[in-house]
>>> print(open('final_25.tsv').read())   # TSV, C-alpha atoms
chain	number	residue	atom	x	y	z
A	614	PRO	CA	-0.59	-19.19	-33.30
A	615	VAL	CA	1.29	-16.05	-34.25
A	616	ALA	CA	5.05	-16.36	-34.63
A	617	CYS	CA	7.13	-13.98	-32.58
A	618	PRO	CA	9.72	-12.35	-34.87
A	619	ALA	CA	12.25	-12.08	-32.03
A	620	ALA	CA	11.97	-15.77	-31.13
A	621	GLN	CA	15.14	-17.78	-31.41
A	622	PRO	CA	15.10	-21.19	-33.08
A	623	PRO	CA	15.14	-24.07	-30.61
A	624	ARG	CA	18.62	-24.92	-29.45
A	625	ARG	CA	19.96	-28.31	-30.37
A	626	GLY	CA	22.32	-30.21	-28.11
A	627	PRO	CA	23.25	-29.80	-24.47
A	628	LEU	CA	23.20	-26.48	-22.68
A	629	GLU	CA	25.99	-25.18	-20.49
A	630	ILE	CA	24.29	-24.20	-17.24
A	631	VAL	CA	25.87	-22.47	-14.26
A	632	PHE	CA	24.14	-22.50	-10.88
A	633	LEU	CA	25.30	-19.93	-8.34
A	634	SER	CA	24.09	-20.59	-4.81
A	635	GLY	CA	23.77	-17.72	-2.38
A	636	GLU	CA	23.25	-20.06	0.58
A	637	PRO	CA	24.87	-23.45	-0.09
A	638	GLN	CA	24.77	-24.37	3.61
A	639	THR	CA	20.97	-24.19	3.91
A	640	PRO	CA	18.36	-26.92	3.29
A	641	GLY	CA	16.86	-24.93	0.41
A	642	HIS	CA	20.09	-25.41	-1.54
A	643	ALA	CA	19.21	-29.10	-1.95
A	644	TYR	CA	15.71	-28.38	-3.28
A	645	ARG	CA	16.56	-25.39	-5.47
A	646	VAL	CA	20.08	-26.30	-6.66
A	647	VAL	CA	21.31	-29.83	-5.98
A	648	HIS	CA	18.25	-31.70	-7.24
A	649	HIS	CA	17.80	-29.46	-10.31
A	650	VAL	CA	21.49	-29.89	-11.14
A	651	ALA	CA	21.12	-33.67	-11.01
A	652	THR	CA	18.11	-33.53	-13.32
A	653	ALA	CA	19.85	-31.24	-15.80
A	654	ARG	CA	22.86	-33.58	-15.87
A	655	GLU	CA	20.60	-36.60	-16.39
A	656	LEU	CA	19.15	-34.75	-19.40
A	657	GLY	CA	22.65	-34.41	-20.83
A	658	HIS	CA	23.41	-30.78	-20.06
A	659	ARG	CA	26.81	-29.57	-18.87
A	660	VAL	CA	26.21	-28.15	-15.40
A	661	HIS	CA	28.53	-26.28	-13.06
A	662	VAL	CA	27.79	-25.25	-9.47
A	663	ASP	CA	29.51	-22.58	-7.45
A	664	GLU	CA	28.83	-20.23	-4.58
A	665	ALA	CA	27.48	-16.81	-5.49
A	666	LYS	CA	30.30	-15.18	-3.53
A	667	ARG	CA	32.64	-16.73	-6.12
A	668	ALA	CA	30.66	-15.36	-9.08
A	669	GLY	CA	33.69	-13.68	-10.66
A	670	GLN	CA	35.68	-16.91	-10.65
A	671	ALA	CA	32.68	-18.85	-11.95
A	672	ALA	CA	32.30	-16.41	-14.86
A	673	HIS	CA	36.00	-16.82	-15.63
A	674	ASP	CA	35.82	-20.62	-15.41
A	675	HIS	CA	32.59	-20.94	-17.45
A	676	PRO	CA	32.44	-17.96	-19.84
A	677	ALA	CA	30.36	-19.80	-22.47
A	678	ALA	CA	27.36	-20.47	-20.21
A	679	ASP	CA	24.02	-20.51	-21.99
A	680	VAL	CA	22.04	-20.15	-18.78
A	681	VAL	CA	23.03	-18.86	-15.36
A	682	ILE	CA	20.69	-19.59	-12.46
A	683	ILE	CA	21.33	-17.54	-9.34
A	684	TRP	CA	19.68	-18.94	-6.24
A	685	ARG	CA	19.00	-16.67	-3.26
A	686	ALA	CA	22.02	-14.41	-3.71
A	687	GLU	CA	22.51	-10.85	-2.57
A	688	TRP	CA	23.73	-8.24	-5.05
A	689	CYS	CA	27.42	-7.40	-4.81
A	690	PRO	CA	30.10	-6.03	-7.17
A	691	ALA	CA	31.44	-9.52	-8.04
A	692	LEU	CA	27.96	-10.72	-9.00
A	693	GLU	CA	27.37	-7.57	-11.05
A	694	ALA	CA	30.61	-8.09	-13.02
A	695	ALA	CA	29.88	-11.79	-13.56
A	696	ILE	CA	26.36	-11.12	-14.84
A	697	ARG	CA	27.71	-8.45	-17.19
A	698	ALA	CA	30.33	-10.85	-18.57
A	699	TRP	CA	27.88	-13.70	-19.05
A	700	ARG	CA	25.29	-11.47	-20.63
A	701	GLN	CA	27.87	-10.05	-23.09
A	702	ALA	CA	28.66	-13.66	-24.04
A	703	GLY	CA	24.96	-14.31	-24.73
A	704	ALA	CA	23.86	-16.08	-21.55
A	705	ARG	CA	20.38	-15.80	-20.09
A	706	VAL	CA	20.30	-15.04	-16.37
A	707	LEU	CA	17.58	-16.37	-14.07
A	708	PHE	CA	17.08	-15.48	-10.42
A	709	ASP	CA	15.57	-18.14	-8.17
A	710	VAL	CA	14.26	-17.75	-4.64
A	711	ALA	CA	11.79	-19.79	-2.60
A	712	ASP	CA	10.89	-17.08	-0.09
A	713	TYR	CA	9.40	-13.61	-0.35
A	714	MET	CA	12.71	-11.96	0.46
A	715	PHE	CA	12.84	-9.65	-2.57
A	716	ASP	CA	10.52	-7.04	-1.07
A	717	PRO	CA	12.23	-4.91	1.62
A	718	ALA	CA	8.82	-3.61	2.79
A	719	LEU	CA	8.09	-7.10	4.14
A	720	ALA	CA	11.20	-7.19	6.35
A	721	ARG	CA	9.19	-6.84	9.55
A	722	VAL	CA	8.98	-9.32	12.41
A	723	GLU	CA	5.17	-9.43	12.26
A	724	VAL	CA	5.39	-10.54	8.61
A	725	ILE	CA	8.58	-12.63	8.47
A	726	ASP	CA	9.06	-14.63	11.67
A	727	GLY	CA	12.53	-15.70	10.54
A	728	ILE	CA	13.80	-12.20	11.24
A	729	ARG	CA	13.05	-12.75	14.93
A	730	SER	CA	14.36	-16.29	15.10
A	731	LEU	CA	17.57	-15.45	13.22
A	732	GLU	CA	18.10	-12.38	15.40
A	733	VAL	CA	19.18	-10.17	12.50
A	734	GLY	CA	16.85	-7.24	13.16
A	735	GLU	CA	14.43	-5.58	10.78
A	736	ASP	CA	16.85	-2.95	9.42
A	737	ALA	CA	19.49	-5.55	8.58
A	738	ALA	CA	16.86	-7.83	7.03
A	739	ALA	CA	15.54	-4.95	4.91
A	740	ARG	CA	19.06	-4.29	3.60
A	741	ILE	CA	19.45	-7.98	2.73
A	742	TYR	CA	16.07	-7.95	0.96
A	743	GLU	CA	17.13	-4.83	-0.97
A	744	ARG	CA	20.25	-6.63	-2.24
A	745	VAL	CA	18.22	-9.74	-3.11
A	746	GLN	CA	15.71	-7.56	-4.98
A	747	ARG	CA	18.55	-5.93	-6.89
A	748	THR	CA	19.76	-9.38	-7.99
A	749	LEU	CA	16.24	-10.22	-9.18
A	750	LEU	CA	16.03	-6.96	-11.11
A	751	ALA	CA	19.38	-7.64	-12.79
A	752	ALA	CA	18.16	-11.02	-14.06
A	753	ASP	CA	16.30	-11.67	-17.31
A	754	ALA	CA	13.57	-13.53	-15.42
A	755	GLY	CA	12.71	-14.97	-12.05
A	756	CYS	CA	11.68	-18.43	-11.00
A	757	THR	CA	10.26	-19.51	-7.69
A	758	THR	CA	8.20	-22.16	-5.92
A	759	THR	CA	4.69	-20.70	-5.85
A	760	GLU	CA	2.39	-18.54	-7.93
A	761	PRO	CA	2.11	-15.81	-5.23
A	762	LEU	CA	5.91	-15.45	-5.22
A	763	ALA	CA	5.97	-15.34	-9.03
A	764	ALA	CA	3.25	-12.67	-8.94
A	765	GLY	CA	5.41	-10.62	-6.58
A	766	MET	CA	8.29	-10.84	-9.05
A	767	ARG	CA	5.99	-9.81	-11.89
A	768	ALA	CA	4.84	-6.81	-9.85
A	769	LEU	CA	8.47	-5.67	-9.96
A	770	GLY	CA	8.44	-5.91	-13.75
A	771	ARG	CA	10.15	-9.28	-14.12
A	772	THR	CA	8.97	-12.20	-16.15
A	773	ALA	CA	8.53	-14.97	-13.58
A	774	PHE	CA	7.47	-18.57	-13.55
A	775	VAL	CA	7.06	-21.40	-11.08
A	776	ILE	CA	9.43	-24.35	-10.91
A	777	ALA	CA	8.55	-26.85	-8.19
A	778	ASN	CA	11.14	-27.86	-5.65
A	779	GLY	CA	13.34	-30.60	-7.01
A	780	PHE	CA	13.89	-33.97	-5.47
A	781	GLY	CA	16.51	-36.60	-6.04
A	782	ALA	CA	16.35	-40.14	-7.32
A	783	LYS	CA	16.37	-41.56	-3.77
A	784	THR	CA	13.30	-39.52	-2.81
A	785	TYR	CA	11.58	-40.49	-6.06
A	786	ARG	CA	12.20	-44.20	-5.45
A	787	ALA	CA	10.98	-43.94	-1.86
A	788	SER	CA	7.80	-42.16	-2.93
A	789	ARG	CA	7.10	-44.72	-5.66
A	790	LEU	CA	7.61	-47.60	-3.21
A	791	ALA	CA	5.29	-45.89	-0.71
A	792	ALA	CA	2.62	-45.42	-3.40
A	793	ILE	CA	2.87	-49.09	-4.40
A	794	ALA	CA	2.66	-50.20	-0.78
A	795	ARG	CA	-0.38	-48.03	-0.22
A	796	ARG	CA	-2.16	-49.46	-3.28
A	797	THR	CA	-1.50	-53.02	-2.18
A	798	GLN	CA	-3.02	-52.27	1.26
A	799	GLU	CA	-6.28	-50.92	-0.22
>>> encode(input="final_25.tsv", output="structure tokens")
Amino acid sequence: PVACPAAQPPRRGPLEIVFLSGEPQTPGHAYRVVHHVATARELGHRVHVDEAKRAGQAAHDHPAADVVIIWRAEWCPALEAAIRAWRQAGARVLFDVADYMFDPALARVEVIDGIRSLEVGEDAAARIYERVQRTLLAADAGCTTTEPLAAGMRALGRTAFVIANGFGAKTYRASRLAAIARRTQE
């Protein structure tokens, strides 16, 4: 292997991680924020969670963040200022989304059924997707749930990788018990 001269030595000790959720009231928040937060805490990291609309306050409260993970948030002046502050302090910024809502060209009812069912209209959806795309482009990298979504991020010039949806300890225990029960029935 060839060493990368710009590579940083591995960090020792816990990270300070800030999660900003753009939609804390939705089911995706559990899979993309809550469960990952629990795992990071179990691994010994210091983790803080806030709403993306409170990004300025979060940057003030947690200025020494090592990593900021922004889930499904639309670009706005407060988010821009917070990212700038964190980046100046040395943080890495990741953008996370589990849907293809970072491409305004896809904001059409025949492509995204949710536009119809949410009754927002194609023009409004395209403006939302534009702001989401801007958040992605302001991040150092993107993370998402599937390889096709990661490829879409890469097509926009972002490094992107897949992180599976998280699940909590209760779900893990239930799945293990179900697997054991299934084996004993075979």
>>> closest_residue(input="final_25.tsv", among="A:Phe715, A:Phe774, A:Trp699, A:Tyr785", to="Val681 of chain A", atoms="all atoms listed in the file")
A:Trp699
>>> closest_residue(input="final_25.tsv", among="A:Gly779, A:Pro676, A:Gly703, A:Pro761", to="His661 of chain A", atoms="only C-alpha atoms")
A:Pro676
>>> residues_around(input="final_25.tsv", residues="Gln746 of chain A", least_positions_apart="2", cutoff="8 Å", atoms="all atoms listed in the file", output="MDAnalysis selection string")
chainID A and resid 687 714:717 742:744 748:750
>>> write_last_selection(input="final_25.tsv", atoms="C-alpha atoms", output="short mmCIF file (atom, residue, chain, number, x, y, z; two decimals), in the frame of the given file")
data_model
loop_
_atom_site.label_atom_id
_atom_site.label_comp_id
_atom_site.auth_asym_id
_atom_site.auth_seq_id
_atom_site.Cartn_x
_atom_site.Cartn_y
_atom_site.Cartn_z
CA GLU A 687 22.51 -10.85 -2.57
CA MET A 714 12.71 -11.96 0.46
CA PHE A 715 12.84 -9.65 -2.57
CA ASP A 716 10.52 -7.04 -1.07
CA PRO A 717 12.23 -4.91 1.62
CA TYR A 742 16.07 -7.95 0.96
CA GLU A 743 17.13 -4.83 -0.97
CA ARG A 744 20.25 -6.63 -2.24
CA THR A 748 19.76 -9.38 -7.99
CA LEU A 749 16.24 -10.22 -9.18
CA LEU A 750 16.03 -6.96 -11.11
#
>>> closest_residue(input="final_25.tsv", among="A:Val631, A:Ala718, A:Ala752, A:Ala643", to="Ile696 of chain A", atoms="all atoms listed in the file")
A:Ala752
>>> residues_around(input="final_25.tsv", residues="Ile683 of chain A", least_positions_apart="4", cutoff="10 Å", atoms="all atoms listed in the file", output="list in words")
Val631, Phe632, Leu633, Ser634, Gly635, Arg645, Val646, Asp663, Glu664, Ala665, Ala668, Glu687, Leu692, Ile696, Val706, Leu707, Phe708, Asp709, Val710, Thr748, Leu749, Ala752, Gly755 and Cys756 of chain A
>>> residues_around(input="final_25.tsv", residues="Arg659 of chain A", least_positions_apart="2", cutoff="9 Å", atoms="all atoms listed in the file", output="list in words")
Pro627, Leu628, Glu629, Ile630, Val631, Ala653, Arg654, Gly657 and His661 of chain A
>>> write_last_selection(input="final_25.tsv", atoms="C-alpha atoms", output="PDB file, in the coordinates of the input")
ATOM      1  CA  PRO A 627      23.250 -29.800 -24.470  1.00  0.00           C
ATOM      2  CA  LEU A 628      23.200 -26.480 -22.680  1.00  0.00           C
ATOM      3  CA  GLU A 629      25.990 -25.180 -20.490  1.00  0.00           C
ATOM      4  CA  ILE A 630      24.290 -24.200 -17.240  1.00  0.00           C
ATOM      5  CA  VAL A 631      25.870 -22.470 -14.260  1.00  0.00           C
ATOM      6  CA  ALA A 653      19.850 -31.240 -15.800  1.00  0.00           C
ATOM      7  CA  ARG A 654      22.860 -33.580 -15.870  1.00  0.00           C
ATOM      8  CA  GLY A 657      22.650 -34.410 -20.830  1.00  0.00           C
ATOM      9  CA  HIS A 661      28.530 -26.280 -13.060  1.00  0.00           C
TER      10      HIS A 661
END
>>> residues_near_point(input="final_25.tsv", point="(29.3, -16.8, -24.7)", cutoff="8 Å", atoms="all atoms listed in the file", output="PyMOL selection string")
chain A and resi 676-679+699-704
>>> closest_residue(input="final_25.tsv", among="A:Ala720, A:Arg771, A:Val680, A:His673", to="Val660 of chain A", atoms="only C-alpha atoms")
A:Val680
>>> closest_residue(input="final_25.tsv", among="A:Val724, A:Val662, A:Leu719, A:Val745", to="Arg685 of chain A", atoms="all atoms listed in the file")
A:Val745
>>> atom_distance(input="final_25.tsv", atom1="atom CA of Glu735 of chain A", atom2="atom CA of Arg721 of chain A")
5.5 Å
>>> axis_aligned_box(input="final_25.tsv", around="segment 767-784 of chain A", padding_each_side="3 Å", output="JSON")
{"center_x": 10.7, "center_y": -23.6, "center_z": -9.5, "size_x": 17.7, "size_y": 41.9, "size_z": 19.3}
>>> closest_residue(input="final_25.tsv", among="A:Asp674, A:Asp736, A:Asp753, A:Glu760", to="Tyr713 of chain A", atoms="all atoms listed in the file")
A:Glu760
>>> atom_distance(input="final_25.tsv", atom1="atom CA of Lys666 of chain A", atom2="atom CA of Ala691 of chain A")
7.3 Å
>>> atom_distance(input="final_25.tsv", atom1="atom CA of Gly727 of chain A", atom2="atom CA of Ala739 of chain A")
12.5 Å
>>> decode(input="final_25.tsv", residues="segment 655-667 of chain A", atoms="all heavy atoms", output="compact mmCIF listing (two decimals), in the first residue's frame")
# COMPACT_ATOMS: atom_id res chain seq x y z
N GLU A 655 -22.46 4.06 22.86
CA GLU A 655 -21.99 2.76 23.38
C GLU A 655 -20.51 2.55 23.10
O GLU A 655 -19.82 1.88 23.87
CB GLU A 655 -22.81 1.62 22.76
CG GLU A 655 -24.22 1.53 23.29
CD GLU A 655 -25.07 0.50 22.55
OE1 GLU A 655 -24.50 -0.34 21.83
OE2 GLU A 655 -26.30 0.56 22.69
N LEU A 656 -20.01 3.15 22.02
CA LEU A 656 -18.59 3.05 21.68
C LEU A 656 -17.73 4.06 22.44
O LEU A 656 -16.52 4.09 22.27
CB LEU A 656 -18.40 3.23 20.17
CG LEU A 656 -18.99 2.12 19.31
CD1 LEU A 656 -18.95 2.50 17.84
CD2 LEU A 656 -18.23 0.81 19.56
N GLY A 657 -18.38 4.88 23.27
CA GLY A 657 -17.65 5.80 24.12
C GLY A 657 -17.48 7.21 23.59
O GLY A 657 -16.78 8.02 24.20
N HIS A 658 -18.14 7.53 22.49
CA HIS A 658 -18.03 8.88 21.95
C HIS A 658 -18.99 9.82 22.66
O HIS A 658 -20.02 9.40 23.17
CB HIS A 658 -18.29 8.87 20.44
CG HIS A 658 -17.34 8.00 19.69
ND1 HIS A 658 -15.99 8.26 19.61
CD2 HIS A 658 -17.54 6.84 19.01
CE1 HIS A 658 -15.40 7.33 18.91
NE2 HIS A 658 -16.32 6.44 18.53
N ARG A 659 -18.64 11.10 22.66
CA ARG A 659 -19.52 12.14 23.19
C ARG A 659 -20.42 12.59 22.04
O ARG A 659 -19.93 13.08 21.04
CB ARG A 659 -18.71 13.30 23.75
CG ARG A 659 -17.87 12.92 24.95
CD ARG A 659 -17.09 14.12 25.50
NE ARG A 659 -16.27 14.77 24.48
CZ ARG A 659 -15.01 14.44 24.18
NH1 ARG A 659 -14.41 13.46 24.81
NH2 ARG A 659 -14.34 15.10 23.26
N VAL A 660 -21.72 12.42 22.21
CA VAL A 660 -22.65 12.67 21.11
C VAL A 660 -23.73 13.66 21.55
O VAL A 660 -24.27 13.54 22.63
CB VAL A 660 -23.31 11.36 20.62
CG1 VAL A 660 -24.18 11.62 19.41
CG2 VAL A 660 -22.25 10.31 20.32
N HIS A 661 -24.00 14.60 20.67
CA HIS A 661 -25.03 15.61 20.92
C HIS A 661 -25.99 15.59 19.74
O HIS A 661 -25.58 15.42 18.60
CB HIS A 661 -24.40 16.99 21.05
CG HIS A 661 -23.19 17.00 21.91
ND1 HIS A 661 -23.25 16.99 23.29
CD2 HIS A 661 -21.87 16.97 21.60
CE1 HIS A 661 -22.03 16.97 23.78
NE2 HIS A 661 -21.18 16.96 22.78
N VAL A 662 -27.27 15.78 20.02
CA VAL A 662 -28.30 15.77 18.98
C VAL A 662 -29.09 17.06 19.07
O VAL A 662 -29.46 17.50 20.16
CB VAL A 662 -29.26 14.57 19.15
CG1 VAL A 662 -30.30 14.55 18.04
CG2 VAL A 662 -28.50 13.27 19.20
N ASP A 663 -29.34 17.65 17.92
CA ASP A 663 -30.17 18.85 17.89
C ASP A 663 -30.92 18.89 16.57
O ASP A 663 -30.63 18.11 15.66
CB ASP A 663 -29.32 20.12 18.05
CG ASP A 663 -30.07 21.21 18.79
OD1 ASP A 663 -31.31 21.32 18.65
OD2 ASP A 663 -29.43 21.98 19.52
N GLU A 664 -31.86 19.80 16.45
CA GLU A 664 -32.57 19.99 15.21
C GLU A 664 -31.74 20.88 14.30
O GLU A 664 -31.10 21.82 14.78
CB GLU A 664 -33.93 20.62 15.46
CG GLU A 664 -34.87 19.72 16.22
CD GLU A 664 -36.26 20.32 16.38
OE1 GLU A 664 -36.73 20.98 15.42
OE2 GLU A 664 -36.85 20.13 17.44
N ALA A 665 -31.79 20.63 13.02
CA ALA A 665 -31.02 21.43 12.07
C ALA A 665 -31.43 22.89 12.12
O ALA A 665 -30.59 23.77 11.94
CB ALA A 665 -31.19 20.87 10.66
N LYS A 666 -32.70 23.16 12.40
CA LYS A 666 -33.13 24.56 12.47
C LYS A 666 -32.48 25.30 13.64
O LYS A 666 -32.51 26.52 13.70
CB LYS A 666 -34.66 24.66 12.52
CG LYS A 666 -35.28 24.14 13.79
CD LYS A 666 -36.79 24.22 13.71
CE LYS A 666 -37.45 23.73 14.98
NZ LYS A 666 -38.90 23.76 14.89
N ARG A 667 -31.87 24.57 14.55
CA ARG A 667 -31.14 25.17 15.68
C ARG A 667 -29.63 25.04 15.48
O ARG A 667 -28.86 25.01 16.44
CB ARG A 667 -31.55 24.48 16.98
CG ARG A 667 -32.97 24.74 17.41
CD ARG A 667 -33.34 24.01 18.70
NE ARG A 667 -32.25 23.71 19.60
CZ ARG A 667 -31.74 24.55 20.53
NH1 ARG A 667 -32.25 25.74 20.67
NH2 ARG A 667 -30.75 24.16 21.32
